[in-house]
>>> print(open('run_31.pdb').read())   # PDB, C-alpha atoms
ATOM      1  CA  MET A   1       9.060  85.974-189.081  1.00  0.00           C
ATOM      2  CA  PHE A   2       7.308  89.159-190.139  1.00  0.00           C
ATOM      3  CA  GLU A   3       9.047  92.510-190.546  1.00  0.00           C
ATOM      4  CA  SER A   4       8.149  95.277-188.084  1.00  0.00           C
ATOM      5  CA  PHE A   5       6.814  97.596-190.747  1.00  0.00           C
ATOM      6  CA  LEU A   6       4.456  96.901-193.630  1.00  0.00           C
ATOM      7  CA  GLU A   7       6.849  98.657-195.992  1.00  0.00           C
ATOM      8  CA  ALA A   8       9.671  96.229-195.097  1.00  0.00           C
ATOM      9  CA  GLU A   9       7.370  93.204-195.304  1.00  0.00           C
ATOM     10  CA  LEU A  10       6.166  94.261-198.765  1.00  0.00           C
ATOM     11  CA  THR A  11       9.765  94.815-199.905  1.00  0.00           C
ATOM     12  CA  LYS A  12      10.431  91.147-199.067  1.00  0.00           C
ATOM     13  CA  ARG A  13       7.559  90.176-201.337  1.00  0.00           C
ATOM     14  CA  ILE A  14       8.535  92.026-204.525  1.00  0.00           C
ATOM     15  CA  GLY A  15       7.456  89.923-207.498  1.00  0.00           C
ATOM     16  CA  THR A  16       4.525  88.349-205.642  1.00  0.00           C
ATOM     17  CA  PRO A  17       0.894  88.675-206.773  1.00  0.00           C
ATOM     18  CA  VAL A  18      -1.211  90.680-204.307  1.00  0.00           C
ATOM     19  CA  GLU A  19      -4.622  92.169-203.795  1.00  0.00           C
ATOM     20  CA  ILE A  20      -4.631  95.627-202.277  1.00  0.00           C
ATOM     21  CA  ALA A  21      -7.660  97.224-200.687  1.00  0.00           C
ATOM     22  CA  MET A  22      -7.860 100.968-200.250  1.00  0.00           C
ATOM     23  CA  SER A  23     -10.771 102.696-198.552  1.00  0.00           C
ATOM     24  CA  ASP A  24     -12.831 102.924-201.727  1.00  0.00           C
ATOM     25  CA  GLY A  25     -11.398 100.393-204.105  1.00  0.00           C
ATOM     26  CA  PHE A  26      -9.456  97.288-204.758  1.00  0.00           C
ATOM     27  CA  VAL A  27      -6.621  96.362-207.129  1.00  0.00           C
ATOM     28  CA  GLU A  28      -4.839  93.153-208.073  1.00  0.00           C
ATOM     29  CA  GLY A  29      -1.308  93.010-209.366  1.00  0.00           C
ATOM     30  CA  ILE A  30       2.322  92.076-208.879  1.00  0.00           C
ATOM     31  CA  ILE A  31       4.551  94.120-206.571  1.00  0.00           C
ATOM     32  CA  THR A  32       7.333  95.650-208.669  1.00  0.00           C
ATOM     33  CA  SER A  33       8.965  97.986-206.140  1.00  0.00           C
ATOM     34  CA  VAL A  34       8.730  99.564-202.719  1.00  0.00           C
ATOM     35  CA  THR A  35      10.305 103.002-202.277  1.00  0.00           C
ATOM     36  CA  GLY A  36       9.852 104.690-198.921  1.00  0.00           C
ATOM     37  CA  ASN A  37       6.130 104.639-198.238  1.00  0.00           C
ATOM     38  CA  LEU A  38       5.247 104.100-201.871  1.00  0.00           C
ATOM     39  CA  LEU A  39       4.347 100.749-203.362  1.00  0.00           C
ATOM     40  CA  THR A  40       4.360 100.170-207.114  1.00  0.00           C
ATOM     41  CA  ILE A  41       2.410  97.332-208.693  1.00  0.00           C
ATOM     42  CA  LEU A  42       1.729  96.143-212.194  1.00  0.00           C
ATOM     43  CA  GLN A  43      -2.002  95.488-212.304  1.00  0.00           C
ATOM     44  CA  THR A  44      -3.124  92.093-213.564  1.00  0.00           C
ATOM     45  CA  VAL A  45      -6.837  92.793-213.498  1.00  0.00           C
ATOM     46  CA  GLY A  46      -8.163  95.903-215.164  1.00  0.00           C
ATOM     47  CA  TYR A  47     -10.615  97.291-212.688  1.00  0.00           C
ATOM     48  CA  GLY A  48     -10.215  99.761-209.877  1.00  0.00           C
ATOM     49  CA  TYR A  49      -7.601 102.388-210.573  1.00  0.00           C
ATOM     50  CA  GLY A  50      -5.449 102.980-213.655  1.00  0.00           C
ATOM     51  CA  THR A  51      -4.829 100.395-216.357  1.00  0.00           C
ATOM     52  CA  THR A  52      -2.964  97.126-216.705  1.00  0.00           C
ATOM     53  CA  THR A  53      -0.376  98.661-219.013  1.00  0.00           C
ATOM     54  CA  THR A  54       1.052 101.317-216.712  1.00  0.00           C
ATOM     55  CA  PRO A  55       2.460 100.706-213.216  1.00  0.00           C
ATOM     56  CA  LEU A  56       0.282 101.921-210.347  1.00  0.00           C
ATOM     57  CA  THR A  57       1.911 103.683-207.414  1.00  0.00           C
ATOM     58  CA  ILE A  58       0.080 103.409-204.110  1.00  0.00           C
ATOM     59  CA  SER A  59       0.741 105.306-200.882  1.00  0.00           C
ATOM     60  CA  ILE A  60       1.276 102.609-198.242  1.00  0.00           C
ATOM     61  CA  PRO A  61      -0.479 104.574-195.444  1.00  0.00           C
ATOM     62  CA  ALA A  62      -3.595 104.695-197.681  1.00  0.00           C
ATOM     63  CA  ILE A  63      -3.773 100.898-197.891  1.00  0.00           C
ATOM     64  CA  ASN A  64      -6.489  99.247-195.795  1.00  0.00           C
ATOM     65  CA  PHE A  65      -5.059  95.774-196.201  1.00  0.00           C
ATOM     66  CA  VAL A  66      -2.901  93.658-198.477  1.00  0.00           C
ATOM     67  CA  THR A  67      -3.979  90.108-199.286  1.00  0.00           C
ATOM     68  CA  PHE A  68      -1.697  87.267-200.339  1.00  0.00           C
ATOM     69  CA  SER A  69      -3.495  84.229-201.688  1.00  0.00           C
ATOM     70  CA  PRO A  70      -1.965  80.787-201.262  1.00  0.00           C
ATOM     71  CA  VAL A  71      -0.156  79.474-204.344  1.00  0.00           C
ATOM     72  CA  ALA A  72      -2.614  77.298-206.274  1.00  0.00           C
TER
ATOM     73  CA  MET B  73     102.597  94.162-187.714  1.00  0.00           C
ATOM     74  CA  ILE B  74     103.175  90.597-186.697  1.00  0.00           C
ATOM     75  CA  ARG B  75     104.298  88.160-189.265  1.00  0.00           C
ATOM     76  CA  LEU B  76     103.933  84.490-188.649  1.00  0.00           C
ATOM     77  CA  ALA B  77     105.611  81.893-190.699  1.00  0.00           C
ATOM     78  CA  ILE B  78     103.162  79.116-191.407  1.00  0.00           C
ATOM     79  CA  SER B  79     103.319  76.019-193.438  1.00  0.00           C
ATOM     80  CA  ASN B  80     101.589  75.657-196.747  1.00  0.00           C
ATOM     81  CA  GLU B  81      99.166  73.161-195.249  1.00  0.00           C
ATOM     82  CA  ALA B  82      98.258  75.472-192.425  1.00  0.00           C
ATOM     83  CA  ARG B  83      97.819  78.314-194.910  1.00  0.00           C
ATOM     84  CA  ALA B  84      95.490  76.236-197.062  1.00  0.00           C
ATOM     85  CA  ALA B  85      93.477  75.235-194.008  1.00  0.00           C
ATOM     86  CA  LEU B  86      93.260  78.860-192.919  1.00  0.00           C
ATOM     87  CA  LEU B  87      92.088  79.964-196.393  1.00  0.00           C
ATOM     88  CA  ASN B  88      89.510  77.175-196.366  1.00  0.00           C
ATOM     89  CA  LEU B  89      88.263  78.325-193.006  1.00  0.00           C
ATOM     90  CA  LEU B  90      88.020  81.903-194.238  1.00  0.00           C
ATOM     91  CA  GLY B  91      86.089  80.749-197.305  1.00  0.00           C
ATOM     92  CA  SER B  92      83.548  78.766-195.253  1.00  0.00           C
ATOM     93  CA  LEU B  93      83.188  81.696-192.852  1.00  0.00           C
ATOM     94  CA  GLN B  94      82.248  83.960-195.762  1.00  0.00           C
ATOM     95  CA  GLN B  95      79.782  81.390-197.067  1.00  0.00           C
ATOM     96  CA  ASN B  96      78.219  81.069-193.619  1.00  0.00           C
ATOM     97  CA  LEU B  97      77.888  84.822-193.356  1.00  0.00           C
ATOM     98  CA  THR B  98      76.155  85.044-196.736  1.00  0.00           C
ATOM     99  CA  ASN B  99      73.789  82.201-195.848  1.00  0.00           C
ATOM    100  CA  THR B 100      72.922  83.727-192.502  1.00  0.00           C
ATOM    101  CA  THR B 101      72.298  87.144-194.046  1.00  0.00           C
ATOM    102  CA  THR B 102      70.038  85.605-196.702  1.00  0.00           C
ATOM    103  CA  ASN B 103      68.121  83.697-194.017  1.00  0.00           C
ATOM    104  CA  VAL B 104      67.680  86.786-191.878  1.00  0.00           C
ATOM    105  CA  LEU B 105      66.475  88.764-194.912  1.00  0.00           C
ATOM    106  CA  ASN B 106      64.003  86.038-195.898  1.00  0.00           C
ATOM    107  CA  THR B 107      62.606  85.812-192.375  1.00  0.00           C
ATOM    108  CA  THR B 108      62.258  89.581-192.146  1.00  0.00           C
ATOM    109  CA  THR B 109      60.480  89.781-195.501  1.00  0.00           C
ATOM    110  CA  ALA B 110      58.086  86.974-194.564  1.00  0.00           C
ATOM    111  CA  ALA B 111      57.355  88.546-191.187  1.00  0.00           C
ATOM    112  CA  THR B 112      56.775  91.982-192.726  1.00  0.00           C
ATOM    113  CA  THR B 113      54.440  90.554-195.345  1.00  0.00           C
ATOM    114  CA  GLU B 114      52.484  88.770-192.631  1.00  0.00           C
ATOM    115  CA  VAL B 115      52.232  91.954-190.571  1.00  0.00           C
ATOM    116  CA  LEU B 116      51.072  93.873-193.651  1.00  0.00           C
ATOM    117  CA  ASP B 117      48.478  91.187-194.451  1.00  0.00           C
ATOM    118  CA  THR B 118      47.207  91.279-190.886  1.00  0.00           C
ATOM    119  CA  THR B 119      46.970  95.074-191.077  1.00  0.00           C
ATOM    120  CA  THR B 120      44.902  94.830-194.262  1.00  0.00           C
ATOM    121  CA  ALA B 121      42.597  92.306-192.617  1.00  0.00           C
ATOM    122  CA  THR B 122      42.248  94.547-189.568  1.00  0.00           C
ATOM    123  CA  THR B 123      41.391  97.529-191.765  1.00  0.00           C
ATOM    124  CA  GLU B 124      38.784  95.438-193.547  1.00  0.00           C
ATOM    125  CA  ILE B 125      37.252  94.269-190.262  1.00  0.00           C
ATOM    126  CA  LEU B 126      37.213  97.857-189.011  1.00  0.00           C
ATOM    127  CA  ASN B 127      35.536  99.077-192.200  1.00  0.00           C
ATOM    128  CA  THR B 128      32.933  96.316-192.080  1.00  0.00           C
ATOM    129  CA  THR B 129      32.227  96.954-188.408  1.00  0.00           C
ATOM    130  CA  THR B 130      31.928 100.697-188.960  1.00  0.00           C
ATOM    131  CA  THR B 131      29.545 100.254-191.888  1.00  0.00           C
ATOM    132  CA  ALA B 132      27.424  97.714-190.008  1.00  0.00           C
ATOM    133  CA  THR B 133      27.235  99.920-186.930  1.00  0.00           C
ATOM    134  CA  THR B 134      26.299 102.981-188.976  1.00  0.00           C
ATOM    135  CA  ASN B 135      23.572 101.040-190.771  1.00  0.00           C
ATOM    136  CA  LEU B 136      22.214  99.650-187.517  1.00  0.00           C
ATOM    137  CA  LEU B 137      22.139 103.097-185.908  1.00  0.00           C
ATOM    138  CA  ASN B 138      20.473 104.631-188.968  1.00  0.00           C
ATOM    139  CA  ASN B 139      17.806 101.920-189.059  1.00  0.00           C
ATOM    140  CA  THR B 140      17.133 102.250-185.348  1.00  0.00           C
ATOM    141  CA  LEU B 141      16.817 106.008-185.686  1.00  0.00           C
ATOM    142  CA  ILE B 142      14.478 105.719-188.688  1.00  0.00           C
ATOM    143  CA  ASN B 143      12.281 103.184-186.843  1.00  0.00           C
ATOM    144  CA  LEU B 144      12.173 105.356-183.731  1.00  0.00           C
ATOM    145  CA  LEU B 145      11.233 108.421-185.764  1.00  0.00           C
ATOM    146  CA  ARG B 146       8.554 106.458-187.568  1.00  0.00           C
ATOM    147  CA  LEU B 147       7.084 105.207-184.315  1.00  0.00           C
ATOM    148  CA  ARG B 148       7.044 108.788-182.988  1.00  0.00           C
ATOM    149  CA  LEU B 149       5.320 110.014-186.146  1.00  0.00           C
ATOM    150  CA  LEU B 150       2.718 107.245-186.208  1.00  0.00           C
ATOM    151  CA  PRO B 151      -0.638 108.115-184.700  1.00  0.00           C
ATOM    152  CA  ASN B 152      -0.955 106.685-181.218  1.00  0.00           C
ATOM    153  CA  LEU B 153      -1.969 103.134-181.919  1.00  0.00           C
ATOM    154  CA  SER B 154      -0.560 101.575-178.761  1.00  0.00           C
ATOM    155  CA  ASN B 155      -3.993 100.960-177.220  1.00  0.00           C
ATOM    156  CA  LEU B 156      -5.200  99.195-180.343  1.00  0.00           C
ATOM    157  CA  ARG B 157      -1.939  97.279-180.585  1.00  0.00           C
ATOM    158  CA  ASN B 158      -2.189  96.144-176.942  1.00  0.00           C
ATOM    159  CA  ASP B 159      -5.784  95.060-177.410  1.00  0.00           C
ATOM    160  CA  LEU B 160      -4.887  93.085-180.523  1.00  0.00           C
ATOM    161  CA  THR B 161      -1.805  91.555-178.871  1.00  0.00           C
ATOM    162  CA  ASN B 162      -4.131  90.104-176.215  1.00  0.00           C
ATOM    163  CA  ARG B 163      -6.101  88.418-178.996  1.00  0.00           C
ATOM    164  CA  LEU B 164      -3.100  86.774-180.700  1.00  0.00           C
ATOM    165  CA  ASN B 165      -3.885  83.315-182.139  1.00  0.00           C
ATOM    166  CA  GLN B 166      -7.614  83.889-181.665  1.00  0.00           C
ATOM    167  CA  THR B 167     -10.167  84.090-184.445  1.00  0.00           C
ATOM    168  CA  VAL B 168     -11.025  87.753-184.806  1.00  0.00           C
ATOM    169  CA  GLN B 169     -13.096  90.018-186.983  1.00  0.00           C
ATOM    170  CA  LEU B 170     -11.387  93.242-188.041  1.00  0.00           C
ATOM    171  CA  SER B 171     -13.297  95.904-189.870  1.00  0.00           C
ATOM    172  CA  THR B 172     -11.753  98.438-192.197  1.00  0.00           C
ATOM    173  CA  GLU B 173     -13.450 101.058-194.310  1.00  0.00           C
ATOM    174  CA  TYR B 174     -13.303  98.765-197.344  1.00  0.00           C
ATOM    175  CA  GLU B 175     -14.288  95.408-195.883  1.00  0.00           C
ATOM    176  CA  THR B 176     -14.599  93.354-192.713  1.00  0.00           C
ATOM    177  CA  LEU B 177     -12.093  90.517-192.469  1.00  0.00           C
ATOM    178  CA  SER B 178     -12.158  87.401-190.313  1.00  0.00           C
ATOM    179  CA  GLY B 179      -9.347  85.035-189.496  1.00  0.00           C
ATOM    180  CA  VAL B 180      -6.756  83.944-186.973  1.00  0.00           C
ATOM    181  CA  LEU B 181      -4.630  86.821-185.717  1.00  0.00           C
ATOM    182  CA  LEU B 182      -1.110  85.572-186.421  1.00  0.00           C
ATOM    183  CA  ALA B 183       1.020  88.597-185.518  1.00  0.00           C
ATOM    184  CA  VAL B 184       0.814  92.190-184.335  1.00  0.00           C
ATOM    185  CA  LEU B 185       3.659  94.340-185.697  1.00  0.00           C
ATOM    186  CA  SER B 186       4.594  98.024-185.457  1.00  0.00           C
ATOM    187  CA  ASP B 187       2.176  99.312-188.085  1.00  0.00           C
ATOM    188  CA  TYR B 188       0.198  96.291-189.282  1.00  0.00           C
ATOM    189  CA  VAL B 189      -1.301  92.976-188.186  1.00  0.00           C
ATOM    190  CA  VAL B 190      -1.319  89.601-189.923  1.00  0.00           C
ATOM    191  CA  LEU B 191      -4.605  87.775-190.284  1.00  0.00           C
ATOM    192  CA  ALA B 192      -4.755  84.245-191.738  1.00  0.00           C
ATOM    193  CA  GLU B 193      -7.843  82.636-193.174  1.00  0.00           C
ATOM    194  CA  SER B 194      -8.450  78.886-193.021  1.00  0.00           C
ATOM    195  CA  ASP B 195      -7.656  78.476-196.742  1.00  0.00           C
ATOM    196  CA  GLY B 196      -4.193  79.992-196.254  1.00  0.00           C
ATOM    197  CA  THR B 197      -5.014  83.479-197.492  1.00  0.00           C
ATOM    198  CA  MET B 198      -3.034  86.062-195.545  1.00  0.00           C
ATOM    199  CA  HIS B 199      -4.112  89.632-194.949  1.00  0.00           C
ATOM    200  CA  PHE B 200      -1.711  92.338-193.799  1.00  0.00           C
ATOM    201  CA  VAL B 201      -4.021  94.900-192.242  1.00  0.00           C
ATOM    202  CA  ASN B 202      -2.819  98.469-191.739  1.00  0.00           C
ATOM    203  CA  LEU B 203      -3.203  99.226-187.991  1.00  0.00           C
ATOM    204  CA  SER B 204      -4.250 102.813-188.695  1.00  0.00           C
ATOM    205  CA  LYS B 205      -7.100 101.585-190.898  1.00  0.00           C
ATOM    206  CA  ILE B 206      -8.661  99.188-188.390  1.00  0.00           C
ATOM    207  CA  GLU B 207     -12.025 100.486-187.196  1.00  0.00           C
ATOM    208  CA  THR B 208     -13.438  97.693-185.029  1.00  0.00           C
ATOM    209  CA  VAL B 209     -12.110  94.513-183.424  1.00  0.00           C
ATOM    210  CA  ALA B 210     -14.201  91.561-182.261  1.00  0.00           C
ATOM    211  CA  SER B 211     -13.278  88.067-181.162  1.00  0.00           C
ATOM    212  CA  LEU B 212     -15.290  85.294-182.758  1.00  0.00           C
TER
END
>>> encode(input="run_31.pdb", output="structure tokens")
Amino acid sequence: MFESFLEAELTKRIGTPVEIAMSDGFVEGIITSVTGNLLTILQTVGYGYGTTTTPLTISIPAINFVTFSPVA
Amino acid sequence: MIRLAISNEARAALLNLLGSLQQNLTNTTTNVLNTTTAATTEVLDTTTATTEILNTTTTATTNLLNNTLINLLRLRLLPNLSNLRNDLTNRLNQTVQLSTEYETLSGVLLAVLSDYVVLAESDGTMHFVNLSKIETVASL
């Protein structure tokens, strides 16, 4: 049901809204791509890192956890 | 040379016979040619199909081997998380509290994978927690 590696599981969920927690911050956005151990998202809420206009690339090993909220 | 005197009727019959023999020969040759062509085409088609199957099999095998190798390498390179993974595997389907540097999460432990675990909250929210970022584990 779930892929063995987080990277593969996130690849399956490209286009899905997520919340990503790093050790010292939190971002919300939509997964646009997964390349190796890098995850790129387009932020939907403008706090945390970067801006909502440029894609944010996150190192997957630096992620504490990824949250998927149920579809409202 | 032997010469035989034959009647006109016999001659006509003989010529007729010769004519039909020629026709038969032509028909047979055409049939043999058609059969050979059909058989060759079939053999060629089968060969193409075989080549395709071989190509597909080779590609699939190569991909499988590559993926296995990559996964093995990754597991080797990962910090030794097997103790944590074993502990968490024993708590599958239990309500647990996992702490990370950012936040402490609670929920039902749905799955323990190679480098992350899946935690589900009662409202359906799912957390994929990086194994290497888990600091404490407690059952609730």
>>> resolve_selection(input="run_31.pdb", expression="the PyMOL selection byres ((chain B and resi 189-195) around 12)", output="ChimeraX atom specification")
/A:1-6,9,64-72 /B:153,156-161,163-171,176-188,196-206,209
>>> write_last_selection(input="run_31.pdb", atoms="C-alpha atoms", output="tab-separated table (two decimals), keeping the file's coordinate frame")
chain	number	residue	atom	x	y	z
A	1	MET	CA	9.06	85.97	-189.08
A	2	PHE	CA	7.31	89.16	-190.14
A	3	GLU	CA	9.05	92.51	-190.55
A	4	SER	CA	8.15	95.28	-188.08
A	5	PHE	CA	6.81	97.60	-190.75
A	6	LEU	CA	4.46	96.90	-193.63
A	9	GLU	CA	7.37	93.20	-195.30
A	64	ASN	CA	-6.49	99.25	-195.80
A	65	PHE	CA	-5.06	95.77	-196.20
A	66	VAL	CA	-2.90	93.66	-198.48
A	67	THR	CA	-3.98	90.11	-199.29
A	68	PHE	CA	-1.70	87.27	-200.34
A	69	SER	CA	-3.50	84.23	-201.69
A	70	PRO	CA	-1.96	80.79	-201.26
A	71	VAL	CA	-0.16	79.47	-204.34
A	72	ALA	CA	-2.61	77.30	-206.27
B	153	LEU	CA	-1.97	103.13	-181.92
B	156	LEU	CA	-5.20	99.20	-180.34
B	157	ARG	CA	-1.94	97.28	-180.58
B	158	ASN	CA	-2.19	96.14	-176.94
B	159	ASP	CA	-5.78	95.06	-177.41
B	160	LEU	CA	-4.89	93.08	-180.52
B	161	THR	CA	-1.80	91.56	-178.87
B	163	ARG	CA	-6.10	88.42	-179.00
B	164	LEU	CA	-3.10	86.77	-180.70
B	165	ASN	CA	-3.88	83.32	-182.14
B	166	GLN	CA	-7.61	83.89	-181.66
B	167	THR	CA	-10.17	84.09	-184.44
B	168	VAL	CA	-11.02	87.75	-184.81
B	169	GLN	CA	-13.10	90.02	-186.98
B	170	LEU	CA	-11.39	93.24	-188.04
B	171	SER	CA	-13.30	95.90	-189.87
B	176	THR	CA	-14.60	93.35	-192.71
B	177	LEU	CA	-12.09	90.52	-192.47
B	178	SER	CA	-12.16	87.40	-190.31
B	179	GLY	CA	-9.35	85.04	-189.50
B	180	VAL	CA	-6.76	83.94	-186.97
B	181	LEU	CA	-4.63	86.82	-185.72
B	182	LEU	CA	-1.11	85.57	-186.42
B	183	ALA	CA	1.02	88.60	-185.52
B	184	VAL	CA	0.81	92.19	-184.34
B	185	LEU	CA	3.66	94.34	-185.70
B	186	SER	CA	4.59	98.02	-185.46
B	187	ASP	CA	2.18	99.31	-188.08
B	188	TYR	CA	0.20	96.29	-189.28
B	196	GLY	CA	-4.19	79.99	-196.25
B	197	THR	CA	-5.01	83.48	-197.49
B	198	MET	CA	-3.03	86.06	-195.54
B	199	HIS	CA	-4.11	89.63	-194.95
B	200	PHE	CA	-1.71	92.34	-193.80
B	201	VAL	CA	-4.02	94.90	-192.24
B	202	ASN	CA	-2.82	98.47	-191.74
B	203	LEU	CA	-3.20	99.23	-187.99
B	204	SER	CA	-4.25	102.81	-188.70
B	205	LYS	CA	-7.10	101.58	-190.90
B	206	ILE	CA	-8.66	99.19	-188.39
B	209	VAL	CA	-12.11	94.51	-183.42
>>> resolve_selection(input="run_31.pdb", expression="the PyMOL selection byres ((chain A and resi 53) around 9)", output="list in words")
Leu42, Gln43, Thr44, Gly50, Thr51, Thr52, Thr54 and Pro55 of chain A
>>> axis_aligned_box(input="run_31.pdb", around="range 59-65 of chain A", padding_each_side="4 Å", output="AutoDock Vina command-line options")
--center_x -2.6 --center_y 100.5 --center_z -198.2 --size_x 15.8 --size_y 17.5 --size_z 13.4
>>> closest_residue(input="run_31.pdb", among="A:Val45, A:Val34, A:Ile14, A:Ile20", to="chain B", atoms="all atoms listed in the file")
A:Ile20
>>> resolve_selection(input="run_31.pdb", expression="the PyMOL selection byres ((chain A and resi 37) around 7)", output="short mmCIF file (atom, residue, chain, number, x, y, z; two decimals) with C-alpha atoms, in the coordinates of the input")
data_model
loop_
_atom_site.label_atom_id
_atom_site.label_comp_id
_atom_site.auth_asym_id
_atom_site.auth_seq_id
_atom_site.Cartn_x
_atom_site.Cartn_y
_atom_site.Cartn_z
CA GLU A 7 6.85 98.66 -195.99
CA THR A 35 10.30 103.00 -202.28
CA GLY A 36 9.85 104.69 -198.92
CA LEU A 38 5.25 104.10 -201.87
CA LEU A 39 4.35 100.75 -203.36
CA SER A 59 0.74 105.31 -200.88
CA ILE A 60 1.28 102.61 -198.24
#
>>> atom_distance(input="run_31.pdb", atom1="CA of Tyr49 in chain A", atom2="CA of Leu10 in chain A")
19.9 Å
>>> closest_residue(input="run_31.pdb", among="A:Leu56, A:Ala21, A:Ile30, A:Ala8", to="chain B", atoms="all atoms listed in the file")
A:Ala21
>>> closest_residue(input="run_31.pdb", among="A:Ser23, A:Ile41, A:Ala62, A:Thr32", to="chain B", atoms="only C-alpha atoms")
A:Ser23
>>> closest_residue(input="run_31.pdb", among="A:Thr40, A:Met22, A:Ile58, A:Ile31", to="Glu173 in chain B", atoms="only C-alpha atoms")
A:Met22
>>> atom_distance(input="run_31.pdb", atom1="CA of Asn162 in chain B", atom2="CA of Leu212 in chain B")
13.8 Å
